[in-house]
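**Student:** Just target06.txt, nothing more (compact mmCIF, C-alpha atoms):
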```txt
# COMPACT_ATOMS: atom_id res chain seq x y z
CA MET M 154 15.41 -1.65 -26.62
CA ASP M 155 15.65 2.01 -25.73
CA ASN M 156 19.18 3.12 -25.04
CA ILE M 157 18.96 5.15 -21.84
CA GLU M 158 21.79 5.45 -19.38
CA SER M 159 20.93 4.94 -15.73
CA GLN M 160 21.69 8.06 -13.71
CA GLY M 161 20.69 10.12 -10.69
CA ILE M 162 17.24 11.19 -9.54
CA ARG M 163 17.26 14.40 -11.60
CA ASN M 164 16.90 12.68 -14.99
CA LYS M 165 13.78 13.54 -16.99
CA ASN M 166 12.24 10.08 -17.12
CA PHE M 167 12.46 9.47 -13.38
CA ILE M 168 10.92 12.90 -12.77
CA MET M 169 8.04 12.03 -15.12
CA VAL M 170 7.48 8.71 -13.34
CA PHE M 171 7.51 10.58 -10.03
CA LEU M 172 5.01 13.23 -11.16
CA GLY M 173 2.74 10.74 -12.90
CA GLN M 174 2.63 8.57 -9.80
CA ILE M 175 1.74 11.55 -7.61
CA VAL M 176 -1.40 12.19 -9.66
CA SER M 177 -2.28 8.49 -10.08
CA ALA M 178 -1.69 7.66 -6.42
CA PHE M 179 -3.77 10.68 -5.39
CA GLY M 180 -6.71 9.32 -7.40
CA SER M 181 -6.30 5.87 -5.85
CA ALA M 182 -5.93 7.21 -2.31
CA ILE M 183 -9.05 9.36 -2.38
CA LEU M 184 -11.09 6.50 -3.85
CA ARG M 185 -9.68 3.93 -1.43
CA PHE M 186 -10.60 6.25 1.46
CA ALA M 187 -14.08 7.33 0.46
CA ILE M 188 -15.78 4.25 -0.99
CA PRO M 189 -15.35 1.95 2.06
CA LEU M 190 -16.24 4.81 4.40
CA TYR M 191 -19.41 5.39 2.41
CA LEU M 192 -20.29 1.71 2.89
CA LEU M 193 -19.58 1.91 6.64
CA GLU M 194 -21.82 4.98 6.96
CA VAL M 195 -24.69 3.37 5.05
CA SER M 196 -24.48 -0.09 6.65
CA GLY M 197 -23.17 0.74 10.14
CA SER M 198 -21.55 -2.71 10.29
CA PRO M 199 -17.80 -3.13 11.00
CA ALA M 200 -18.14 -6.82 10.06
CA LEU M 201 -19.52 -5.98 6.61
CA PHE M 202 -16.91 -3.24 6.28
CA GLY M 203 -14.09 -5.70 7.05
CA THR M 204 -15.54 -8.42 4.80
CA VAL M 205 -15.85 -6.11 1.80
CA MET M 206 -12.33 -4.79 2.34
CA ALA M 207 -11.04 -8.36 2.56
CA LEU M 208 -12.74 -9.34 -0.70
CA SER M 209 -11.48 -6.17 -2.34
CA ALA M 210 -7.86 -7.03 -1.54
CA LEU M 211 -8.04 -10.50 -3.16
CA PRO M 212 -7.27 -9.30 -6.72
CA MET M 213 -4.00 -7.80 -5.51
CA VAL M 214 -3.00 -11.14 -4.01
CA ILE M 215 -4.03 -13.10 -7.10
CA LEU M 216 -2.84 -10.71 -9.79
CA SER M 217 0.47 -9.63 -8.29
CA PRO M 218 2.42 -12.53 -9.90
CA ILE M 219 0.77 -11.77 -13.24
CA GLY M 220 1.68 -8.12 -12.84
CA GLY M 221 5.28 -9.09 -12.22
CA VAL M 222 5.48 -11.34 -15.27
CA VAL M 223 3.88 -8.67 -17.45
CA ALA M 224 6.27 -6.04 -16.06
CA ASP M 225 9.24 -8.18 -17.10
CA ARG M 226 7.89 -8.80 -20.63
CA VAL M 227 6.05 -5.60 -21.60
CA ASN M 228 7.36 -2.04 -21.69
CA LYS M 229 6.61 -0.68 -18.24
CA LYS M 230 5.50 2.69 -19.60
CA TRP M 231 2.56 1.15 -21.46
CA ILE M 232 1.49 -0.81 -18.38
CA MET M 233 1.21 2.45 -16.43
CA VAL M 234 -0.69 4.18 -19.23
CA PHE M 235 -3.12 1.28 -19.73
CA VAL M 236 -3.85 0.85 -16.02
CA ASP M 237 -4.60 4.54 -15.40
CA PHE M 238 -6.75 4.97 -18.52
CA THR M 239 -8.71 1.82 -17.63
CA MET M 240 -9.24 2.89 -14.02
CA ALA M 241 -10.50 6.31 -15.13
CA GLY M 242 -13.07 4.61 -17.37
CA LEU M 243 -14.20 2.24 -14.59
CA VAL M 244 -14.75 5.11 -12.15
CA VAL M 245 -16.91 6.88 -14.75
CA LEU M 246 -18.86 3.64 -15.23
CA TYR M 247 -19.31 3.38 -11.46
CA MET M 248 -20.75 6.89 -11.35
CA LEU M 249 -23.18 6.11 -14.17
CA THR M 250 -24.51 2.97 -12.44
CA MET M 251 -24.96 4.48 -8.96
CA GLY M 252 -28.50 3.90 -7.76
CA ALA M 253 -29.14 1.16 -10.32
CA ILE M 254 -27.10 -1.53 -8.52
CA ALA M 255 -27.01 -2.43 -4.80
CA ILE M 256 -24.24 -0.71 -2.85
CA VAL M 257 -22.42 -3.82 -1.59
CA PRO M 258 -21.69 -5.47 -4.98
CA MET M 259 -20.89 -2.03 -6.43
CA THR M 260 -18.41 -1.34 -3.66
CA ILE M 261 -16.79 -4.77 -3.98
CA ALA M 262 -16.47 -4.37 -7.75
CA ILE M 263 -14.87 -0.91 -7.74
CA MET M 264 -12.54 -1.75 -4.86
CA MET M 265 -11.49 -5.00 -6.54
CA ALA M 266 -10.72 -3.02 -9.70
CA LEU M 267 -8.68 -0.54 -7.67
CA PHE M 268 -6.59 -3.23 -5.99
CA ALA M 269 -6.19 -5.08 -9.31
CA SER M 270 -4.83 -1.89 -10.87
CA THR M 271 -2.34 -1.61 -8.00
CA ALA M 272 -1.23 -5.20 -8.60
CA MET M 273 -0.43 -4.36 -12.21
CA MET M 274 0.99 -0.88 -11.61
CA ASP M 275 3.36 -1.45 -8.67
CA PRO M 276 5.66 -4.03 -10.33
CA ALA M 277 5.93 -1.78 -13.39
CA VAL M 278 6.85 1.28 -11.32
CA GLU M 279 9.19 -0.55 -8.94
CA GLY M 280 10.83 -2.44 -11.79
CA SER M 281 11.39 0.76 -13.76
CA ILE M 282 13.38 2.55 -11.04
CA PRO M 283 16.59 0.45 -11.32
CA LEU M 284 16.43 0.93 -15.10
CA LEU M 285 16.43 4.70 -14.73
CA ILE M 286 18.57 5.20 -11.61
CA SER M 287 22.12 4.03 -10.87
CA ALA M 288 22.63 1.67 -7.93
CA ASP M 289 24.21 4.27 -5.64
CA HIS M 290 21.08 6.46 -5.95
CA LEU M 291 18.50 3.69 -5.44
CA VAL M 292 17.73 4.40 -1.76
CA GLN M 293 17.06 8.07 -2.53
CA ALA M 294 14.96 7.21 -5.59
CA ASN M 295 12.90 4.68 -3.65
CA SER M 296 12.38 7.23 -0.88
CA PHE M 297 11.02 9.68 -3.45
CA ILE M 298 8.63 7.07 -4.86
CA SER M 299 7.57 6.23 -1.32
CA LEU M 300 6.87 9.92 -0.79
CA VAL M 301 4.41 9.72 -3.69
CA GLY M 302 2.18 7.25 -1.87
CA SER M 303 2.57 9.11 1.40
CA LEU M 304 1.73 12.47 -0.16
CA ALA M 305 -1.33 10.93 -1.79
CA GLY M 306 -2.18 9.27 1.51
CA MET M 307 -2.10 12.67 3.18
CA LEU M 308 -3.91 14.82 0.61
CA GLY M 309 -6.36 12.17 -0.64
CA PRO M 310 -8.12 11.41 2.66
CA ALA M 311 -7.99 15.05 3.77
CA LEU M 312 -9.73 16.24 0.61
CA GLY M 313 -11.93 13.15 0.55
CA GLY M 314 -13.08 13.73 4.11
CA LEU M 315 -13.99 17.34 3.39
CA LEU M 316 -15.80 16.48 0.15
CA PHE M 317 -17.57 13.52 1.74
CA ALA M 318 -18.77 15.48 4.77
CA GLY M 319 -19.90 18.44 2.68
CA PHE M 320 -21.12 17.05 -0.63
CA GLY M 321 -21.33 13.26 -0.50
CA ILE M 322 -19.63 10.62 -2.62
CA PHE M 323 -20.20 11.87 -6.19
CA PRO M 324 -17.63 14.76 -6.24
CA ILE M 325 -15.01 12.34 -4.95
CA LEU M 326 -15.59 10.02 -7.89
CA VAL M 327 -15.26 12.94 -10.32
CA VAL M 328 -11.93 14.02 -8.80
CA CYS M 329 -10.62 10.43 -8.91
CA ALA M 330 -11.59 9.89 -12.56
CA VAL M 331 -9.93 13.16 -13.61
CA ALA M 332 -6.75 12.32 -11.66
CA LYS M 333 -6.43 8.90 -13.28
CA PHE M 334 -6.97 10.35 -16.76
CA LEU M 335 -4.36 13.08 -16.23
CA ALA M 336 -1.85 10.55 -14.88
CA ALA M 337 -2.23 8.40 -17.99
CA ILE M 338 -1.61 11.44 -20.22
CA MET M 339 1.56 12.31 -18.29
CA GLU M 340 2.85 8.74 -18.48
CA LEU M 341 2.69 8.83 -22.28
CA PHE M 342 5.81 11.03 -22.20
CA ILE M 343 7.97 8.64 -20.13
CA CYS M 344 10.77 6.69 -21.85
CA ILE M 345 11.81 3.51 -20.00
CA PRO M 346 14.36 0.95 -21.29
CA ASN M 347 12.55 -2.20 -22.40
CA VAL M 348 14.44 -5.13 -20.84
CA LYS M 349 12.46 -8.15 -22.01
CA GLN M 350 13.17 -11.83 -21.49
CA LYS M 351 13.49 -14.09 -24.48
CA SER M 352 11.13 -17.04 -24.56
CA ALA M 353 9.84 -19.34 -27.24
CA ASP M 354 6.95 -20.53 -25.06
CA GLY M 355 3.36 -19.34 -25.18
CA ALA M 356 1.97 -16.75 -22.79
CA LEU M 357 0.56 -19.33 -20.33
CA SER M 358 3.76 -21.36 -20.27
CA ALA M 359 5.77 -18.17 -19.90
CA PHE M 360 3.65 -17.12 -16.93
CA PHE M 361 4.05 -20.42 -15.08
CA GLY M 362 7.72 -20.57 -16.01
CA ASP M 363 8.38 -17.05 -14.79
CA THR M 364 6.36 -17.58 -11.62
CA SER M 365 8.20 -20.83 -10.86
CA ALA M 366 11.53 -19.12 -11.48
CA GLY M 367 10.58 -16.28 -9.16
CA LEU M 368 9.46 -18.64 -6.38
CA ARG M 369 12.63 -20.72 -6.73
CA PHE M 370 14.69 -17.57 -6.48
CA ILE M 371 12.90 -16.43 -3.29
CA PHE M 372 12.66 -19.76 -1.45
CA ASN M 373 15.70 -21.67 -2.74
CA GLU M 374 18.32 -19.12 -3.75
CA LYS M 375 17.39 -16.43 -1.20
CA PRO M 376 15.82 -18.21 1.81
CA LEU M 377 16.58 -15.21 4.03
CA LEU M 378 14.37 -13.09 1.78
CA ALA M 379 11.60 -15.68 2.17
CA LYS M 380 11.82 -15.50 5.98
CA ILE M 381 11.65 -11.71 5.94
CA LEU M 382 8.63 -11.82 3.63
CA LEU M 383 6.95 -14.21 6.08
CA THR M 384 7.57 -11.70 8.86
CA ILE M 385 5.93 -8.92 6.84
CA PHE M 386 3.05 -11.31 6.04
CA MET M 387 2.43 -11.68 9.77
CA ILE M 388 2.54 -7.90 10.28
CA GLN M 389 -0.02 -7.57 7.49
CA LEU M 390 -2.17 -10.09 9.33
CA VAL M 391 -2.15 -8.54 12.81
CA LEU M 392 -1.17 -4.85 12.54
CA ALA M 393 -2.11 -3.40 9.14
CA PRO M 394 -5.80 -4.50 9.36
CA PHE M 395 -6.10 -2.73 12.70
CA ALA M 396 -5.12 0.55 11.05
CA ILE M 397 -7.24 0.01 7.93
CA ILE M 398 -10.39 -1.30 9.62
CA GLY M 399 -9.98 -0.12 13.20
CA ILE M 400 -9.21 3.57 12.78
CA PRO M 401 -12.39 4.46 10.81
CA VAL M 402 -14.50 2.28 13.13
CA LEU M 403 -13.03 3.76 16.32
CA ILE M 404 -13.43 7.35 15.14
CA THR M 405 -16.93 7.12 13.64
CA ARG M 406 -18.59 4.54 15.90
CA ASN M 407 -16.78 4.65 19.24
CA LEU M 408 -15.91 8.37 19.29
CA GLY M 409 -18.99 9.47 17.32
CA MET M 410 -17.03 11.80 15.01
CA ASN M 411 -17.73 12.49 11.32
CA GLU M 412 -15.94 11.42 8.15
CA GLY M 413 -13.95 14.65 8.05
CA MET M 414 -12.18 13.63 11.27
CA VAL M 415 -11.40 10.25 9.72
CA GLY M 416 -9.91 12.11 6.76
CA ILE M 417 -7.68 14.15 9.08
CA ALA M 418 -6.51 10.97 10.81
CA GLN M 419 -5.75 9.34 7.45
CA ALA M 420 -3.92 12.52 6.41
CA ALA M 421 -1.74 12.18 9.50
CA MET M 422 -0.80 8.75 8.21
CA GLY M 423 0.26 10.37 4.94
CA VAL M 424 2.28 13.03 6.78
CA GLY M 425 4.04 10.28 8.70
CA GLY M 426 4.83 8.52 5.44
CA ILE M 427 6.23 11.72 3.96
CA PHE M 428 8.36 12.34 7.04
CA GLY M 429 9.57 8.74 6.94
CA GLY M 430 10.44 9.05 3.26
CA ILE M 431 12.37 12.28 3.85
CA LEU M 432 14.12 10.74 6.84
CA THR M 433 15.11 7.72 4.75
CA GLY M 434 16.53 9.95 2.02
CA VAL M 435 18.50 11.96 4.59
CA LEU M 436 19.86 8.94 6.46
CA GLY M 437 20.55 6.99 3.26
CA LYS M 438 23.34 4.44 3.75
CA ARG M 439 23.41 5.04 7.50
CA LEU M 440 20.31 2.88 7.81
CA ARG M 441 21.14 -0.71 8.67
CA PHE M 442 19.10 -3.63 7.32
CA HIS M 443 20.06 -5.86 10.25
CA ARG M 444 18.28 -3.54 12.72
CA ALA M 445 15.03 -3.22 10.76
CA HIS M 446 13.09 -5.39 13.23
CA TRP M 447 13.22 -2.57 15.78
CA LEU M 448 11.19 -0.44 13.38
CA LEU M 449 8.44 -3.09 13.35
CA PHE M 450 8.56 -3.32 17.13
CA THR M 451 8.21 0.47 17.47
CA ALA M 452 5.29 0.54 15.03
CA SER M 453 3.53 -2.05 17.18
CA LEU M 454 4.03 -0.33 20.53
CA VAL M 455 2.84 3.12 19.44
CA PHE M 456 -0.73 1.81 19.25
CA PHE M 457 -0.67 0.72 22.90
CA PRO M 458 -1.80 4.17 24.23
CA ILE M 459 -4.94 3.92 22.08
CA GLY M 460 -5.99 0.82 23.98
CA ILE M 461 -5.22 2.53 27.30
CA ALA M 462 -7.32 5.56 26.30
CA PHE M 463 -10.39 3.44 25.52
CA LEU M 464 -9.86 1.26 28.59
CA LEU M 465 -9.79 4.29 30.91
CA GLY M 466 -12.59 6.14 29.11
CA THR M 467 -10.39 9.12 28.25
CA ASN M 468 -12.00 12.28 26.87
CA TYR M 469 -13.06 11.78 23.24
CA PHE M 470 -10.96 14.60 21.83
CA ALA M 471 -7.88 13.48 23.79
CA THR M 472 -8.40 9.93 22.53
CA TYR M 473 -8.62 11.24 18.99
CA ILE M 474 -5.32 13.11 19.42
CA ILE M 475 -3.72 9.90 20.70
CA ILE M 476 -5.01 8.00 17.64
CA VAL M 477 -3.69 10.62 15.21
CA SER M 478 -0.30 10.78 16.96
CA ALA M 479 0.04 7.00 16.97
CA ILE M 480 -0.79 6.78 13.28
CA PHE M 481 1.80 9.43 12.45
CA VAL M 482 4.62 7.73 14.36
CA ALA M 483 3.70 4.25 13.13
CA MET M 484 3.63 5.35 9.50
CA THR M 485 6.97 7.14 9.87
CA VAL M 486 8.81 4.07 11.09
CA LEU M 487 6.96 1.70 8.75
CA THR M 488 8.00 3.87 5.79
CA LEU M 489 11.62 3.60 6.92
CA PHE M 490 11.18 -0.16 7.10
CA THR M 491 9.38 -0.48 3.75
CA ILE M 492 12.00 1.50 1.80
CA GLN M 493 14.80 -0.52 3.37
CA MET M 494 13.13 -3.79 2.42
CA LEU M 495 12.37 -2.61 -1.13
CA THR M 496 16.01 -1.62 -1.55
CA PHE M 497 17.12 -4.98 -0.13
CA VAL M 498 14.97 -6.83 -2.67
CA GLN M 499 16.29 -4.70 -5.54
CA ILE M 500 19.91 -5.26 -4.53
CA GLU M 501 19.45 -9.01 -4.15
CA THR M 502 17.51 -9.50 -7.41
CA PRO M 503 18.92 -9.55 -10.98
CA PRO M 504 17.42 -6.79 -13.21
CA GLU M 505 15.65 -9.25 -15.52
CA MET M 506 13.78 -10.74 -12.53
CA LEU M 507 12.86 -7.57 -10.67
CA GLY M 508 9.27 -7.49 -11.91
CA LYS M 509 8.36 -11.05 -11.01
CA VAL M 510 10.23 -11.10 -7.70
CA SER M 511 8.70 -7.76 -6.66
CA ALA M 512 5.23 -9.01 -7.59
CA LEU M 513 5.63 -12.37 -5.88
CA SER M 514 6.93 -10.61 -2.78
CA THR M 515 3.84 -8.41 -2.82
CA MET M 516 1.60 -11.46 -3.24
CA ILE M 517 3.19 -13.26 -0.30
CA ILE M 518 2.94 -10.36 2.12
CA MET M 519 -0.49 -9.25 0.89
CA MET M 520 -2.02 -12.66 1.56
CA GLY M 521 -2.20 -11.72 5.22
CA LEU M 522 -4.15 -8.51 4.63
CA PRO M 523 -7.58 -9.81 3.53
CA ILE M 524 -7.50 -12.48 6.23
CA GLY M 525 -6.67 -9.85 8.84
CA GLN M 526 -9.29 -7.42 7.56
CA PHE M 527 -12.01 -10.07 7.80
CA ILE M 528 -10.92 -11.06 11.33
CA PHE M 529 -10.63 -7.50 12.62
CA GLY M 530 -13.98 -6.54 11.13
CA MET M 531 -15.56 -9.37 13.10
CA LEU M 532 -13.60 -8.46 16.26
CA PHE M 533 -14.64 -4.82 16.19
CA GLU M 534 -18.27 -5.84 15.75
CA ARG M 535 -18.04 -8.46 18.52
CA PHE M 536 -16.28 -6.10 20.97
CA ASP M 537 -18.10 -2.95 19.89
CA SER M 538 -18.29 -1.59 23.44
CA LEU M 539 -14.83 -2.87 24.45
CA PRO M 540 -12.56 -1.81 21.57
CA TRP M 541 -9.47 -1.75 23.79
CA ILE M 542 -9.47 -5.56 23.72
CA VAL M 543 -9.00 -5.55 19.95
CA VAL M 544 -6.29 -2.88 20.21
CA PHE M 545 -4.29 -4.89 22.74
CA VAL M 546 -4.62 -8.08 20.68
CA SER M 547 -3.10 -6.28 17.68
CA VAL M 548 -0.31 -4.65 19.70
CA VAL M 549 0.79 -7.81 21.51
CA ALA M 550 0.65 -10.03 18.42
CA SER M 551 2.59 -7.61 16.19
CA ALA M 552 5.21 -6.91 18.88
CA MET M 553 5.84 -10.65 19.24
CA VAL M 554 6.24 -10.99 15.47
CA ALA M 555 8.73 -8.10 15.42
CA LEU M 556 10.86 -9.51 18.24
CA ASN M 557 10.86 -12.97 16.69
CA SER M 558 12.09 -11.53 13.38
CA ARG M 559 15.35 -10.35 14.97
CA ARG M 560 16.99 -13.69 14.16
CA TYR M 561 16.32 -13.12 10.45
CA PHE M 562 17.33 -9.49 10.16
CA LYS M 563 20.59 -9.95 12.07
CA CYS M 564 21.72 -12.29 9.26
CA ILE M 565 21.63 -9.45 6.70
CA SER M 566 25.00 -7.93 5.95
CA LYS M 567 25.58 -4.69 7.82
```
Would you encode the structure as structure tokens?

**Tutor:**
Amino acid sequence: MDNIESQGIRNKNFIMVFLGQIVSAFGSAILRFAIPLYLLEVSGSPALFGTVMALSALPMVILSPIGGVVADRVNKKWIMVFVDFTMAGLVVLYMLTMGAIAIVPMTIAIMMALFASTAMMDPAVEGSIPLLISADHLVQANSFISLVGSLAGMLGPALGGLLFAGFGIFPILVVCAVAKFLAAIMELFICIPNVKQKSADGALSAFFGDTSAGLRFIFNEKPLLAKILLTIFMIQLVLAPFAIIGIPVLITRNLGMNEGMVGIAQAAMGVGGIFGGILTGVLGKRLRFHRAHWLLFTASLVFFPIGIAFLLGTNYFATYIIIVSAIFVAMTVLTLFTIQMLTFVQIETPPEMLGKVSALSTMIIMMGLPIGQFIFGMLFERFDSLPWIVVFVSVVASAMVALNSRRYFKCISK
């Protein structure tokens, strides 16, 4: 095992993880933005768009526990390197087969690969942070890692929208492949302590044993954690799919704007995430876990003006401004919430179980996303001329989930 002392956020290895994730997340963000939008443009069907996105998310649900087990048993550095090199190769393969294979199976395949890579990468990255950073710096470190995704979420769609509107899909694939390759090269220089579990069992037995241990820890030893994860599952079912499926559909189909405007809206989401990450780092220990449900409630209500705008037939540009503003505010408060919950999981979980518990937590909450994406795709197609109905359904349902979760969050130590 490498002998590295945990320290503050300025140590070399954390900085290398941070920089490598910026480049890798940028490649993922631009690909995740452009490929589904390309399908929506070609097909013109929100239902197909939602169905493909739902199928694409399945590997993350299925592979998250495997990613957690692997993260606990394999050096996390090599997981990051392998995932980014593999994804770069798959994007190149996708480019080479364009035009030879139908768009729908191609889109499903590349998006499944992207979500599968996330399922393997996230537990490795999240599990590496407590090994590199001392406990009193964890909130700040997690806020920096959160900033990575938010920065990628801002720059990726903005650049993707411009490239898509001006040059089509091919340049986007080139940029993504190069980003993934560069990230893998950078990750080769990271040194992460290798905290492995000892086991005399085979790989399959180890997987089921580790998964069972992780589930017992969540549901038996930490039932409060299980209840909070269920709350986030419900938010993923009724709020997240509205943002993922609804925003592109509302802007391109209902407002009649181009992909560049979708990119700007997605960039606003990234800016909100960056602001939320900075705000979390500034507030630090002043944030209180037991009040986190109010963040979910706020994120729900900020989408209400979008429904009002479509109900009243507000000017298209004014409606677009409302959408962008709502996305920014929602992402800000959801980033505050996400970092708090990640820190809560890390504090409550022993170091040797961080990978599996993080992955199982991701699996549990992500199970709601593909279901919600499928449902919202169908809803936006069914209520194509009355989108405000779908908006209000999402707002009311998510607000009720947030208010109901108060009884769980108030049990967390202040």

**Student:** Considering all atoms listed in the file, can you say which of M:Gly525, M:Pro218, M:Gly203, M:Gly409 comes closest to Asp363 of chain M?

**Tutor:** M:Pro218

**Student:** Specify the axis-aligned box that encloses all atoms of segment 274-281 of chain M listed in the file after padding of 3 Å on each side, stating its centre and edge lengths in Å to one decimal as lines of an AutoDock Vina configuration file.

**Tutor:**
```
center_x = 6.2
center_y = -1.4
center_z = -11.2
size_x = 16.4
size_y = 11.3
size_z = 11.1
```

**Student:** Just the number, please: distance in Å from atom CA of Phe450 of chain M to atom CA of Lys380 of chain M, one decimal.

**Tutor:**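 So the answer is 16.8 Å.
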
**Student:** Which is closest to Gly430 of chain M among M:Ser299, M:Asn164, M:Ser547, M:Asn407, if we use all atoms listed in the file?

**Tutor:** M:Ser299

**Student:** Using only C-alpha atoms, I'd like a table of the residues in segment 259-362 of chain M that come within 12 Å of segment 228-251 of chain M; for each, show the closest atom pair and its distance in Å rounded to one decimal, ordered by chain and ascending number, as a tab-separated table.

**Tutor:**
```
residue	atom	partner	partner_atom	distance
M:Met259	CA	M:Tyr247	CA	7.6
M:Thr260	CA	M:Tyr247	CA	9.2
M:Ile261	CA	M:Tyr247	CA	11.3
M:Ala262	CA	M:Tyr247	CA	9.0
M:Ile263	CA	M:Tyr247	CA	7.2
M:Met264	CA	M:Val244	CA	10.3
M:Met265	CA	M:Met240	CA	11.1
M:Ala266	CA	M:Met240	CA	7.5
M:Leu267	CA	M:Met240	CA	7.2
M:Phe268	CA	M:Met240	CA	10.4
M:Ala269	CA	M:Val236	CA	9.3
M:Ser270	CA	M:Val236	CA	5.9
M:Thr271	CA	M:Val236	CA	8.5
M:Ala272	CA	M:Val236	CA	9.9
M:Met273	CA	M:Val236	CA	7.3
M:Met274	CA	M:Met233	CA	5.9
M:Asp275	CA	M:Met233	CA	8.9
M:Pro276	CA	M:Lys229	CA	8.6
M:Ala277	CA	M:Lys229	CA	5.0
M:Val278	CA	M:Lys229	CA	7.2
M:Glu279	CA	M:Lys229	CA	9.7
M:Gly280	CA	M:Lys229	CA	7.9
M:Ser281	CA	M:Lys229	CA	6.7
M:Ile282	CA	M:Lys229	CA	10.4
M:Leu284	CA	M:Lys229	CA	10.4
M:Leu285	CA	M:Lys229	CA	11.7
M:Ile322	CA	M:Met248	CA	9.6
M:Phe323	CA	M:Met248	CA	7.2
M:Pro324	CA	M:Met248	CA	9.9
M:Ile325	CA	M:Met248	CA	10.2
M:Leu326	CA	M:Val244	CA	6.6
M:Val327	CA	M:Val245	CA	7.7
M:Val328	CA	M:Val244	CA	9.9
M:Cys329	CA	M:Ala241	CA	7.5
M:Ala330	CA	M:Ala241	CA	4.5
M:Val331	CA	M:Ala241	CA	7.0
M:Ala332	CA	M:Ala241	CA	7.9
M:Lys333	CA	M:Ala241	CA	5.2
M:Phe334	CA	M:Ala241	CA	5.6
M:Leu335	CA	M:Asp237	CA	8.6
M:Ala336	CA	M:Asp237	CA	6.6
M:Ala337	CA	M:Val234	CA	4.7
M:Ile338	CA	M:Val234	CA	7.4
M:Met339	CA	M:Val234	CA	8.5
M:Glu340	CA	M:Val234	CA	5.8
M:Leu341	CA	M:Val234	CA	6.5
M:Phe342	CA	M:Lys230	CA	8.7
M:Ile343	CA	M:Lys230	CA	6.5
M:Cys344	CA	M:Lys230	CA	7.0
M:Ile345	CA	M:Lys230	CA	6.4
M:Pro346	CA	M:Asn228	CA	7.6
M:Asn347	CA	M:Asn228	CA	5.2
M:Val348	CA	M:Asn228	CA	7.8
M:Lys349	CA	M:Asn228	CA	8.0
M:Gln350	CA	M:Asn228	CA	11.4
```

**Student:** Kindly give the distance, in Å, that separates atom CA of Gln499 of chain M and atom CA of Ala207 of chain M, rounded to a single decimal.

**Tutor:**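 Straight-line distance from atom CA of Gln499 of chain M to atom CA of Ala207 of chain M works out to 28.7 Å.
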
**Student:** Around (-19.5, 11.5, 0.0) in the file's frame, which residues reach within 12 Å when counting all atoms listed in the file? Return as a VMD selection string?

**Tutor:** chain M and resid 183 to 184 186 to 195 310 312 to 328 411 to 413 416

**Student:** Of the candidates M:Phe497, M:Phe533, M:Phe442, M:Phe545, which shows the shortest atom-to-atom distance to Pro401 of chain M, using all atoms listed in the file?

**Tutor:**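 Closest candidate: M:Phe533.
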
**Student:** Have a look at atom CA of Phe457 of chain M and atom CA of Val544 of chain M and let me know their distance in Å, one decimal.

**Tutor:** 7.2 Å

**Student:** So which one's closest to Asn166 of chain M, M:Leu211, M:Ile286, M:Leu539, M:Leu216? Using only C-alpha atoms, please.

**Tutor:**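 Using only C-alpha atoms, Asn166 of chain M sits closest to M:Ile286.
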